[in-house]
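S.K.: data.cif (mmCIF, C-alpha atoms) pasted underneath:
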```cif
data_run
#
loop_
_atom_site.label_atom_id
_atom_site.label_comp_id
_atom_site.auth_asym_id
_atom_site.auth_seq_id
_atom_site.Cartn_x
_atom_site.Cartn_y
_atom_site.Cartn_z
CA MET R 1 73.72 -84.37 45.90
CA VAL R 2 71.20 -85.27 43.19
CA HIS R 3 69.27 -82.46 41.53
CA LYS R 4 65.56 -83.32 41.41
CA GLY R 5 65.25 -82.01 37.86
CA PHE R 6 68.46 -83.36 36.33
CA GLY R 7 69.25 -86.43 38.40
CA LEU R 8 72.95 -87.27 38.19
CA ALA R 9 73.42 -85.10 35.10
CA ARG R 10 75.44 -81.92 35.36
CA PRO R 11 74.04 -79.29 33.00
CA GLY R 12 76.77 -77.41 31.17
CA ILE R 13 78.37 -76.97 27.77
CA LEU R 14 79.86 -80.47 27.61
CA GLN R 15 76.62 -82.06 28.76
CA SER R 16 74.66 -80.03 26.19
CA LEU R 17 77.02 -81.06 23.39
CA HIS R 18 76.82 -84.70 24.45
CA THR R 19 73.01 -84.54 24.53
CA PHE R 20 72.94 -82.80 21.15
CA TRP R 21 75.09 -85.56 19.66
CA ASP R 22 72.85 -88.26 21.13
CA MET R 23 69.76 -86.60 19.66
CA SER R 24 71.50 -86.23 16.30
CA LYS R 25 72.67 -89.86 16.42
CA LYS R 26 69.05 -90.92 16.93
CA THR R 27 68.16 -89.30 13.60
CA ILE R 28 71.18 -90.88 11.88
CA VAL R 29 70.23 -94.33 13.18
CA GLU R 30 66.65 -93.86 11.93
CA PHE R 31 67.91 -92.91 8.46
CA SER R 32 70.32 -95.87 8.36
CA ARG R 33 67.41 -98.28 8.80
CA TYR R 34 66.04 -97.29 5.38
CA PRO R 35 68.93 -97.53 2.86
CA VAL R 36 66.50 -97.81 -0.05
CA ALA R 37 65.18 -94.35 0.86
CA PHE R 38 68.73 -92.94 0.48
CA ILE R 39 69.06 -94.42 -3.00
CA ALA R 40 65.59 -93.20 -3.94
CA LEU R 41 66.50 -89.63 -2.93
CA PHE R 42 69.60 -89.66 -5.14
CA VAL R 43 67.57 -91.02 -8.06
CA GLN R 44 64.90 -88.38 -7.41
CA VAL R 45 67.45 -85.55 -7.53
CA PHE R 46 68.95 -86.99 -10.72
CA LEU R 47 65.52 -87.17 -12.39
CA ILE R 48 64.64 -83.62 -11.30
CA ILE R 49 67.89 -82.35 -12.80
CA LEU R 50 67.32 -84.15 -16.10
CA MET R 51 63.70 -83.02 -16.29
CA PHE R 52 64.53 -79.35 -15.89
CA MET R 53 67.69 -79.56 -18.00
CA PHE R 54 65.99 -81.07 -21.04
CA ALA R 55 62.90 -78.90 -20.64
CA ALA R 56 65.04 -75.77 -20.48
CA PHE R 57 67.39 -76.65 -23.32
CA SER R 58 64.46 -77.45 -25.59
CA PHE R 59 63.79 -73.69 -25.65
CA VAL R 60 67.41 -72.66 -26.23
CA ALA R 61 68.00 -71.31 -29.70
CA PRO R 62 70.18 -73.47 -31.98
CA GLY R 63 73.77 -72.34 -32.06
CA THR R 64 73.76 -70.93 -28.52
CA GLY R 65 77.32 -70.80 -27.23
CA ALA R 66 78.63 -73.25 -24.64
CA GLU R 67 79.29 -70.42 -22.18
CA ILE R 68 75.64 -69.31 -22.25
CA SER R 69 74.50 -72.93 -21.80
CA ARG R 70 76.80 -73.36 -18.79
CA GLN R 71 75.54 -70.13 -17.25
CA PHE R 72 71.93 -71.20 -17.70
CA ALA R 73 72.68 -74.64 -16.21
CA SER R 74 74.46 -72.96 -13.29
CA VAL R 75 71.45 -70.77 -12.54
CA MET R 76 69.31 -73.89 -12.39
CA VAL R 77 71.55 -76.19 -10.36
CA TYR R 78 72.65 -73.57 -7.82
CA GLY R 79 69.01 -72.66 -7.29
CA LEU R 80 68.29 -76.38 -6.89
CA ILE R 81 70.83 -76.53 -4.07
CA VAL R 82 69.01 -73.80 -2.14
CA ASN R 83 65.73 -75.60 -2.81
CA LEU R 84 67.12 -78.87 -1.43
CA PHE R 85 68.24 -77.23 1.80
CA LEU R 86 64.89 -75.46 2.16
CA SER R 87 62.86 -78.59 1.52
CA PHE R 88 64.78 -80.89 3.86
CA THR R 89 65.07 -78.29 6.62
CA VAL R 90 61.36 -77.48 6.62
CA TRP R 91 60.28 -81.11 6.40
CA GLU R 92 62.74 -82.46 8.95
CA VAL R 93 62.42 -79.71 11.55
CA GLY R 94 58.76 -78.99 10.96
CA PHE R 95 57.04 -82.23 10.13
CA SER R 96 59.27 -84.55 12.20
CA ILE R 97 57.35 -83.25 15.22
CA ARG R 98 54.33 -84.96 13.69
CA GLU R 99 56.30 -88.19 13.40
CA GLU R 100 57.11 -88.01 17.11
CA GLN R 101 53.41 -87.53 17.86
CA PHE R 102 52.59 -90.53 15.66
CA ARG R 103 55.11 -92.70 17.51
CA GLY R 104 53.92 -91.47 20.88
CA THR R 105 57.39 -90.27 21.94
CA LEU R 106 56.98 -86.50 21.83
CA GLU R 107 55.73 -86.08 25.38
CA SER R 108 58.49 -88.28 26.81
CA LEU R 109 61.07 -86.12 25.04
CA TYR R 110 59.56 -83.04 26.64
CA LEU R 111 59.63 -84.63 30.07
CA SER R 112 63.41 -84.95 29.83
CA PRO R 113 65.64 -82.03 30.91
CA ALA R 114 67.26 -81.90 27.46
CA SER R 115 67.30 -78.58 25.63
CA LYS R 116 64.14 -78.05 23.61
CA PHE R 117 66.07 -75.89 21.15
CA GLY R 118 68.71 -78.59 20.78
CA ASN R 119 65.97 -81.15 20.21
CA LEU R 120 64.73 -79.18 17.21
CA VAL R 121 68.13 -78.35 15.71
CA ALA R 122 69.46 -81.89 16.17
CA ARG R 123 66.80 -83.13 13.78
CA ILE R 124 68.57 -81.57 10.79
CA PHE R 125 72.19 -82.36 11.72
CA ALA R 126 72.23 -85.55 9.64
CA VAL R 127 69.91 -84.08 7.01
CA LEU R 128 72.26 -81.18 6.28
CA SER R 129 75.14 -83.59 5.68
CA TRP R 130 72.95 -85.68 3.41
CA THR R 131 71.74 -82.61 1.53
CA ALA R 132 75.32 -81.43 1.04
CA ALA R 133 76.16 -84.82 -0.52
CA MET R 134 73.18 -84.58 -2.88
CA SER R 135 74.16 -81.01 -3.81
CA ALA R 136 77.66 -82.16 -4.72
CA PHE R 137 76.09 -84.97 -6.76
CA ALA R 138 73.86 -82.49 -8.59
CA ILE R 139 76.81 -80.21 -9.43
CA PHE R 140 78.81 -83.20 -10.69
CA VAL R 141 75.99 -84.52 -12.92
CA VAL R 142 75.15 -81.14 -14.47
CA GLY R 143 78.83 -80.34 -14.87
CA MET R 144 79.30 -83.55 -16.83
CA LEU R 145 76.36 -82.67 -19.08
CA VAL R 146 77.44 -79.12 -19.94
CA GLY R 147 81.21 -79.37 -19.69
CA GLY R 148 81.75 -77.93 -16.22
CA LEU R 149 80.08 -75.30 -14.07
CA PRO R 150 81.62 -72.01 -12.91
CA ALA R 151 82.48 -71.90 -9.22
CA LYS R 152 83.74 -68.46 -8.24
CA ASN R 153 83.59 -66.47 -4.99
CA ILE R 154 83.22 -69.79 -3.16
CA LEU R 155 83.87 -68.56 0.38
CA LEU R 156 81.38 -65.70 0.16
CA ALA R 157 78.83 -67.95 -1.55
CA PHE R 158 79.13 -70.52 1.25
CA GLY R 159 78.72 -67.74 3.79
CA VAL R 160 75.49 -66.76 2.05
CA LEU R 161 74.38 -70.41 2.06
CA GLY R 162 75.15 -70.76 5.77
CA LEU R 163 73.06 -67.69 6.67
CA THR R 164 70.32 -68.95 4.35
CA ILE R 165 70.20 -72.31 6.14
CA SER R 166 70.01 -70.43 9.44
CA GLY R 167 67.04 -68.52 8.06
CA PHE R 168 65.45 -71.78 6.92
CA LEU R 169 65.68 -73.02 10.50
CA GLY R 170 63.33 -70.21 11.50
CA ILE R 171 60.86 -71.33 8.83
CA GLY R 172 61.23 -74.89 10.11
CA PHE R 173 60.49 -73.78 13.67
CA LEU R 174 57.34 -72.06 12.45
CA PHE R 175 56.17 -75.21 10.73
CA ALA R 176 56.97 -77.25 13.83
CA ALA R 177 54.58 -74.93 15.68
CA VAL R 178 51.98 -75.24 12.94
CA THR R 179 52.32 -79.03 13.07
CA ILE R 180 51.48 -79.06 16.79
CA ARG R 181 48.26 -77.18 16.03
CA LEU R 182 47.19 -78.67 12.69
CA LYS R 183 48.47 -82.23 13.11
CA GLU R 184 48.28 -84.22 9.84
CA SER R 185 46.92 -81.29 7.83
CA ALA R 186 50.26 -79.47 8.24
CA GLN R 187 51.91 -81.56 5.51
CA PHE R 188 49.71 -79.94 2.87
CA LEU R 189 50.77 -76.50 4.07
CA VAL R 190 54.45 -77.53 4.01
CA SER R 191 54.09 -78.81 0.45
CA PHE R 192 52.36 -75.60 -0.63
CA VAL R 193 55.06 -73.38 0.87
CA GLN R 194 57.80 -75.52 -0.67
CA PHE R 195 56.38 -75.05 -4.18
CA PHE R 196 55.54 -71.40 -3.47
CA PHE R 197 59.20 -70.60 -2.82
CA LEU R 198 60.29 -72.79 -5.73
CA ILE R 199 58.27 -70.65 -8.14
CA PHE R 200 58.31 -67.15 -6.69
CA SER R 201 61.93 -67.28 -5.50
CA ALA R 202 62.90 -68.48 -9.00
CA MET R 203 64.91 -71.45 -7.79
CA PHE R 204 65.11 -73.20 -11.18
CA PHE R 205 65.19 -70.24 -13.53
CA PRO R 206 66.26 -66.58 -13.66
CA PHE R 207 63.95 -63.98 -12.13
CA SER R 208 63.69 -62.45 -15.60
CA ALA R 209 61.59 -65.48 -16.61
CA LEU R 210 58.84 -64.38 -14.21
CA PRO R 211 56.33 -61.68 -15.17
CA ARG R 212 57.56 -58.33 -13.92
CA PHE R 213 54.60 -57.71 -11.64
CA LEU R 214 55.22 -61.02 -9.84
CA VAL R 215 58.85 -60.09 -9.27
CA ASP R 216 57.93 -56.64 -7.96
CA TYR R 217 54.96 -57.61 -5.79
CA VAL R 218 55.88 -61.12 -4.63
CA SER R 219 59.52 -62.12 -5.18
CA ARG R 220 61.04 -58.92 -3.82
CA TRP R 221 59.17 -59.39 -0.52
CA LEU R 222 60.65 -62.85 0.10
CA PRO R 223 64.06 -62.99 1.86
CA VAL R 224 64.62 -66.40 0.27
CA SER R 225 64.63 -64.71 -3.16
CA TYR R 226 67.68 -62.66 -2.22
CA SER R 227 69.44 -65.76 -0.90
CA VAL R 228 68.88 -67.58 -4.19
CA ASP R 229 69.87 -64.54 -6.25
CA ALA R 230 73.07 -63.79 -4.31
CA PHE R 231 74.20 -67.42 -3.97
CA ARG R 232 74.05 -68.29 -7.64
CA SER R 233 75.22 -64.86 -8.82
CA LEU R 234 78.37 -65.21 -6.72
CA LEU R 235 79.13 -68.71 -7.94
CA ILE R 236 78.71 -67.84 -11.62
CA GLY R 237 81.04 -64.87 -11.19
CA LEU R 238 78.65 -61.90 -11.05
CA PRO R 239 78.18 -61.53 -14.83
CA GLU R 240 76.27 -58.60 -16.27
CA GLY R 241 72.68 -58.64 -15.06
CA PHE R 242 73.44 -60.62 -11.88
CA PRO R 243 72.31 -60.29 -9.18
CA GLU R 244 68.90 -59.53 -10.64
CA LEU R 245 66.92 -58.09 -7.72
CA MET R 246 69.28 -55.64 -5.98
CA PRO R 247 72.97 -54.71 -5.83
CA LEU R 248 74.95 -57.45 -4.09
CA ASN R 249 75.71 -55.42 -0.95
CA SER R 250 72.02 -54.71 -0.39
CA GLU R 251 71.16 -58.37 -0.84
CA LEU R 252 73.85 -59.40 1.64
CA VAL R 253 72.33 -57.11 4.29
CA ILE R 254 68.92 -58.74 3.82
CA ILE R 255 70.47 -62.22 3.98
CA VAL R 256 72.33 -61.44 7.21
CA LEU R 257 69.15 -60.12 8.82
CA PHE R 258 67.23 -63.18 7.59
CA GLY R 259 69.84 -65.55 8.98
CA LEU R 260 69.99 -63.83 12.38
CA PHE R 261 66.37 -63.00 13.13
CA SER R 262 64.41 -65.78 11.42
CA PRO R 263 65.54 -68.55 13.86
CA LEU R 264 64.87 -66.29 16.84
CA LEU R 265 61.36 -65.32 15.75
CA GLY R 266 60.52 -68.84 14.61
CA TYR R 267 61.65 -70.37 17.89
CA LEU R 268 59.71 -67.83 19.96
CA VAL R 269 56.54 -68.68 18.04
CA TYR R 270 57.26 -72.39 18.46
CA ARG R 271 57.71 -72.12 22.25
CA TRP R 272 54.54 -70.03 22.55
CA ILE R 273 52.40 -72.61 20.72
CA GLU R 274 54.19 -75.49 22.43
CA ARG R 275 53.44 -74.05 25.89
CA LYS R 276 49.77 -73.62 24.95
CA ALA R 277 49.65 -77.25 23.78
CA ARG R 278 51.21 -78.45 27.02
CA ALA R 279 48.74 -76.42 29.05
CA THR R 280 45.78 -77.93 27.20
CA GLY R 281 47.24 -81.44 27.19
CA THR R 282 47.36 -81.76 23.39
CA LEU R 283 51.14 -81.79 22.84
CA GLY R 284 51.38 -85.52 22.19
CA GLU R 285 47.84 -85.94 20.91
CA TYR R 286 47.58 -87.88 17.68
#
```
Using structure tokens, write down the structure from this file.

M.R.:
Amino acid sequence: MVHKGFGLARPGILQSLHTFWDMSKKTIVEFSRYPVAFIALFVQVFLIILMFMFAAFSFVAPGTGAEISRQFASVMVYGLIVNLFLSFTVWEVGFSIREEQFRGTLESLYLSPASKFGNLVARIFAVLSWTAAMSAFAIFVVGMLVGGLPAKNILLAFGVLGLTISGFLGIGFLFAAVTIRLKESAQFLVSFVQFFFLIFSAMFFPFSALPRFLVDYVSRWLPVSYSVDAFRSLLIGLPEGFPELMPLNSELVIIVLFGLFSPLLGYLVYRWIERKARATGTLGEY
């Protein structure tokens, strides 16, 4: 018997996993067609690292000990890692919907019985692997420049990073919804939010470098700030003054809540706007 909605397919866990892999493979194949873009991303990360490293060390007092220099470099590069995951997750989950509209394939994807949630998440499967490779590259380069970076509490730090990426998915879902409504204009909003978090979540510098009123009235209200603070504080060994915003246990509670509820809320908003777009016939409109 053939189901009128699924044809010969048999919906279930194995079928869902197979479909998820096929959707992820589509993204991998697209990336593989542009090898120059891969090289350009590595060069871009390298240049960003050098730019911030030399700019920061130009303000370091002469005679500063190697341990202080390594700690400062660690704060920067571990914040960069969080920034990389945020940037690629938001762009790939959020703005890739716009790319599907541009190609004219979004509506056909929605006519298939494949999971809509899986369709969104599969977009970052390859990107996360690529971002992890660039993060390892960044740690290696900075470590060579400053004589090695501290890497302590690795398991807990990776747990924080995993929950943070989960939270970023929720932000990506929100931007996917915004993209459906705003079309091409959404890329300016994505760029603004990316730089907003870069500055006010202190991704390339300690929170102490920000004016106190900005920390109290902006940074402390952003869950991403606690992810950045906890992740790098754990990896540098929780020295005196770290974490900077709250005690570690309090920050971990916020990070867990961010990782659990952000994807849920973001996806609910996405489905709400997506259903409205389908009802008005503007889902695949360019």

S.K.: Extract, using all atoms listed in the file, all DNA, RNA and protein residues at most 12 Å from Leu252 (chain R), discarding same-chain residues fewer than 5 positions from it, and format them as a PDB file with C-alpha atoms, in the frame of the given file.

M.R.:
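After the write, selection_3.pdb holds the following:
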```pdb
ATOM      1  CA  LEU R 156      81.380 -65.700   0.160  1.00  0.00           C
ATOM      2  CA  ALA R 157      78.830 -67.950  -1.550  1.00  0.00           C
ATOM      3  CA  GLY R 159      78.720 -67.740   3.790  1.00  0.00           C
ATOM      4  CA  VAL R 160      75.490 -66.760   2.050  1.00  0.00           C
ATOM      5  CA  LEU R 161      74.380 -70.410   2.060  1.00  0.00           C
ATOM      6  CA  LEU R 163      73.060 -67.690   6.670  1.00  0.00           C
ATOM      7  CA  THR R 164      70.320 -68.950   4.350  1.00  0.00           C
ATOM      8  CA  PRO R 223      64.060 -62.990   1.860  1.00  0.00           C
ATOM      9  CA  VAL R 224      64.620 -66.400   0.270  1.00  0.00           C
ATOM     10  CA  SER R 225      64.630 -64.710  -3.160  1.00  0.00           C
ATOM     11  CA  TYR R 226      67.680 -62.660  -2.220  1.00  0.00           C
ATOM     12  CA  SER R 227      69.440 -65.760  -0.900  1.00  0.00           C
ATOM     13  CA  VAL R 228      68.880 -67.580  -4.190  1.00  0.00           C
ATOM     14  CA  ASP R 229      69.870 -64.540  -6.250  1.00  0.00           C
ATOM     15  CA  ALA R 230      73.070 -63.790  -4.310  1.00  0.00           C
ATOM     16  CA  PHE R 231      74.200 -67.420  -3.970  1.00  0.00           C
ATOM     17  CA  SER R 233      75.220 -64.860  -8.820  1.00  0.00           C
ATOM     18  CA  LEU R 234      78.370 -65.210  -6.720  1.00  0.00           C
ATOM     19  CA  PRO R 243      72.310 -60.290  -9.180  1.00  0.00           C
ATOM     20  CA  LEU R 245      66.920 -58.090  -7.720  1.00  0.00           C
ATOM     21  CA  MET R 246      69.280 -55.640  -5.980  1.00  0.00           C
ATOM     22  CA  PRO R 247      72.970 -54.710  -5.830  1.00  0.00           C
ATOM     23  CA  LEU R 257      69.150 -60.120   8.820  1.00  0.00           C
ATOM     24  CA  PHE R 258      67.230 -63.180   7.590  1.00  0.00           C
ATOM     25  CA  GLY R 259      69.840 -65.550   8.980  1.00  0.00           C
TER      26      GLY R 259
END
```

S.K.: Please compute the CA of Ala176 (chain R)-CA of Phe158 (chain R) distance, one decimal, in Å.

M.R.: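 Distance between the two atoms: 26.4 Å.
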
S.K.: Mind running region 145-225 of chain R against region 116-131 of chain R at 12 Å and telling me each contacting residue's nearest atom pair with the distance in Å (one decimal), counting all atoms listed in the file, chain and number ascending, as CSV?

M.R.:
```
residue,atom,partner,partner_atom,distance
R:Leu161,CA,R:Leu128,CA,11.8
R:Gly162,CA,R:Leu128,CA,10.8
R:Ile165,CA,R:Leu128,CA,9.1
R:Ser166,CA,R:Val121,CA,10.3
R:Phe168,CA,R:Ile124,CA,11.0
R:Leu169,CA,R:Val121,CA,7.8
R:Gly170,CA,R:Val121,CA,10.3
R:Gly172,CA,R:Leu120,CA,9.0
R:Phe173,CA,R:Leu120,CA,7.7
R:Leu174,CA,R:Leu120,CA,11.3
R:Phe175,CA,R:Leu120,CA,11.4
R:Ala176,CA,R:Leu120,CA,8.7
R:Ala177,CA,R:Leu120,CA,11.1
```

S.K.: CA of Ser96 (chain R) to CA of Glu274 (chain R): how many Å, to one decimal?

M.R.: 14.6 Å

S.K.: Smallest atom-to-atom distance to Phe72 (chain R): which of R:Arg278, R:Arg220, R:Arg271, R:Arg232, using all atoms listed in the file?

M.R.: R:Arg232

S.K.: Could you jot down the CA of Phe195 (chain R) to CA of Val29 (chain R) separation for me, Å, one decimal place?

M.R.: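 If I compute the distance from CA of Phe195 (chain R) to CA of Val29 (chain R), I get 29.4 Å.
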
S.K.: Kindly resolve the PyMOL selection byres ((chain R and resi 205) around 10) on the present coordinates and return the residues as a tab-separated table (two decimals) with C-alpha atoms, in the frame of the given file.

M.R.:
```
chain	number	residue	atom	x	y	z
R	52	PHE	CA	64.53	-79.35	-15.89
R	56	ALA	CA	65.04	-75.77	-20.48
R	72	PHE	CA	71.93	-71.20	-17.70
R	73	ALA	CA	72.68	-74.64	-16.21
R	74	SER	CA	74.46	-72.96	-13.29
R	75	VAL	CA	71.45	-70.77	-12.54
R	76	MET	CA	69.31	-73.89	-12.39
R	77	VAL	CA	71.55	-76.19	-10.36
R	78	TYR	CA	72.65	-73.57	-7.82
R	79	GLY	CA	69.01	-72.66	-7.29
R	80	LEU	CA	68.29	-76.38	-6.89
R	198	LEU	CA	60.29	-72.79	-5.73
R	199	ILE	CA	58.27	-70.65	-8.14
R	201	SER	CA	61.93	-67.28	-5.50
R	202	ALA	CA	62.90	-68.48	-9.00
R	203	MET	CA	64.91	-71.45	-7.79
R	204	PHE	CA	65.11	-73.20	-11.18
R	206	PRO	CA	66.26	-66.58	-13.66
R	207	PHE	CA	63.95	-63.98	-12.13
R	208	SER	CA	63.69	-62.45	-15.60
R	209	ALA	CA	61.59	-65.48	-16.61
R	210	LEU	CA	58.84	-64.38	-14.21
```

S.K.: With all atoms listed in the file as the counted atoms, please give the residues lying no more than 10 Å from Ala132 (chain R), apart from itself and same-chain residues fewer than 4 positions off, as a list in words.

M.R.: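 After dropping sequence-adjacent residues, the list is Ile81, Leu84, Phe85, Val127, Leu128, Ala136, Phe137 and Ala138 of chain R.
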
S.K.: Starting from the shown file, work through the PyMOL selection byres ((chain R and resi 70) around 10) and note down what comes out as a PDB file with C-alpha atoms, keeping the file's coordinate frame.

M.R.:
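part_20.pdb was written with the following content:
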```pdb
ATOM      1  CA  GLY R  65      77.320 -70.800 -27.230  1.00  0.00           C
ATOM      2  CA  ALA R  66      78.630 -73.250 -24.640  1.00  0.00           C
ATOM      3  CA  GLU R  67      79.290 -70.420 -22.180  1.00  0.00           C
ATOM      4  CA  ILE R  68      75.640 -69.310 -22.250  1.00  0.00           C
ATOM      5  CA  SER R  69      74.500 -72.930 -21.800  1.00  0.00           C
ATOM      6  CA  GLN R  71      75.540 -70.130 -17.250  1.00  0.00           C
ATOM      7  CA  PHE R  72      71.930 -71.200 -17.700  1.00  0.00           C
ATOM      8  CA  ALA R  73      72.680 -74.640 -16.210  1.00  0.00           C
ATOM      9  CA  SER R  74      74.460 -72.960 -13.290  1.00  0.00           C
ATOM     10  CA  VAL R  75      71.450 -70.770 -12.540  1.00  0.00           C
ATOM     11  CA  MET R  76      69.310 -73.890 -12.390  1.00  0.00           C
ATOM     12  CA  VAL R 142      75.150 -81.140 -14.470  1.00  0.00           C
ATOM     13  CA  GLY R 143      78.830 -80.340 -14.870  1.00  0.00           C
ATOM     14  CA  LEU R 145      76.360 -82.670 -19.080  1.00  0.00           C
ATOM     15  CA  VAL R 146      77.440 -79.120 -19.940  1.00  0.00           C
ATOM     16  CA  GLY R 147      81.210 -79.370 -19.690  1.00  0.00           C
ATOM     17  CA  GLY R 148      81.750 -77.930 -16.220  1.00  0.00           C
ATOM     18  CA  LEU R 149      80.080 -75.300 -14.070  1.00  0.00           C
ATOM     19  CA  PRO R 150      81.620 -72.010 -12.910  1.00  0.00           C
ATOM     20  CA  ILE R 236      78.710 -67.840 -11.620  1.00  0.00           C
TER      21      ILE R 236
END
```

S.K.: Of the residues R:Met23, R:Val193, R:Val253, R:Val141, which is the one nearest to Leu47 (chain R), using all atoms listed in the file?

M.R.: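 Once distances to Leu47 (chain R) are computed over all atoms listed in the file, the minimum belongs to R:Val141.
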
S.K.: Between R:Ile180, R:Leu14, R:Leu214, R:Leu265, which is the closest to Gly94 (chain R) once you count only C-alpha atoms?

M.R.: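 When distances to Gly94 (chain R) are compared using only C-alpha atoms, the smallest one comes from R:Ile180.
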
S.K.: Please evaluate the PyMOL selection byres ((chain R and resi 98) around 8) against the structure above and give the resulting residues as a PDB file with C-alpha atoms, in the frame of the given file.

M.R.:
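See selection.pdb below for the written result:
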```pdb
ATOM      1  CA  GLY R  94      58.760 -78.990  10.960  1.00  0.00           C
ATOM      2  CA  PHE R  95      57.040 -82.230  10.130  1.00  0.00           C
ATOM      3  CA  SER R  96      59.270 -84.550  12.200  1.00  0.00           C
ATOM      4  CA  ILE R  97      57.350 -83.250  15.220  1.00  0.00           C
ATOM      5  CA  GLU R  99      56.300 -88.190  13.400  1.00  0.00           C
ATOM      6  CA  GLU R 100      57.110 -88.010  17.110  1.00  0.00           C
ATOM      7  CA  GLN R 101      53.410 -87.530  17.860  1.00  0.00           C
ATOM      8  CA  PHE R 102      52.590 -90.530  15.660  1.00  0.00           C
ATOM      9  CA  THR R 179      52.320 -79.030  13.070  1.00  0.00           C
ATOM     10  CA  ILE R 180      51.480 -79.060  16.790  1.00  0.00           C
ATOM     11  CA  LYS R 183      48.470 -82.230  13.110  1.00  0.00           C
ATOM     12  CA  GLU R 184      48.280 -84.220   9.840  1.00  0.00           C
TER      13      GLU R 184
END
```
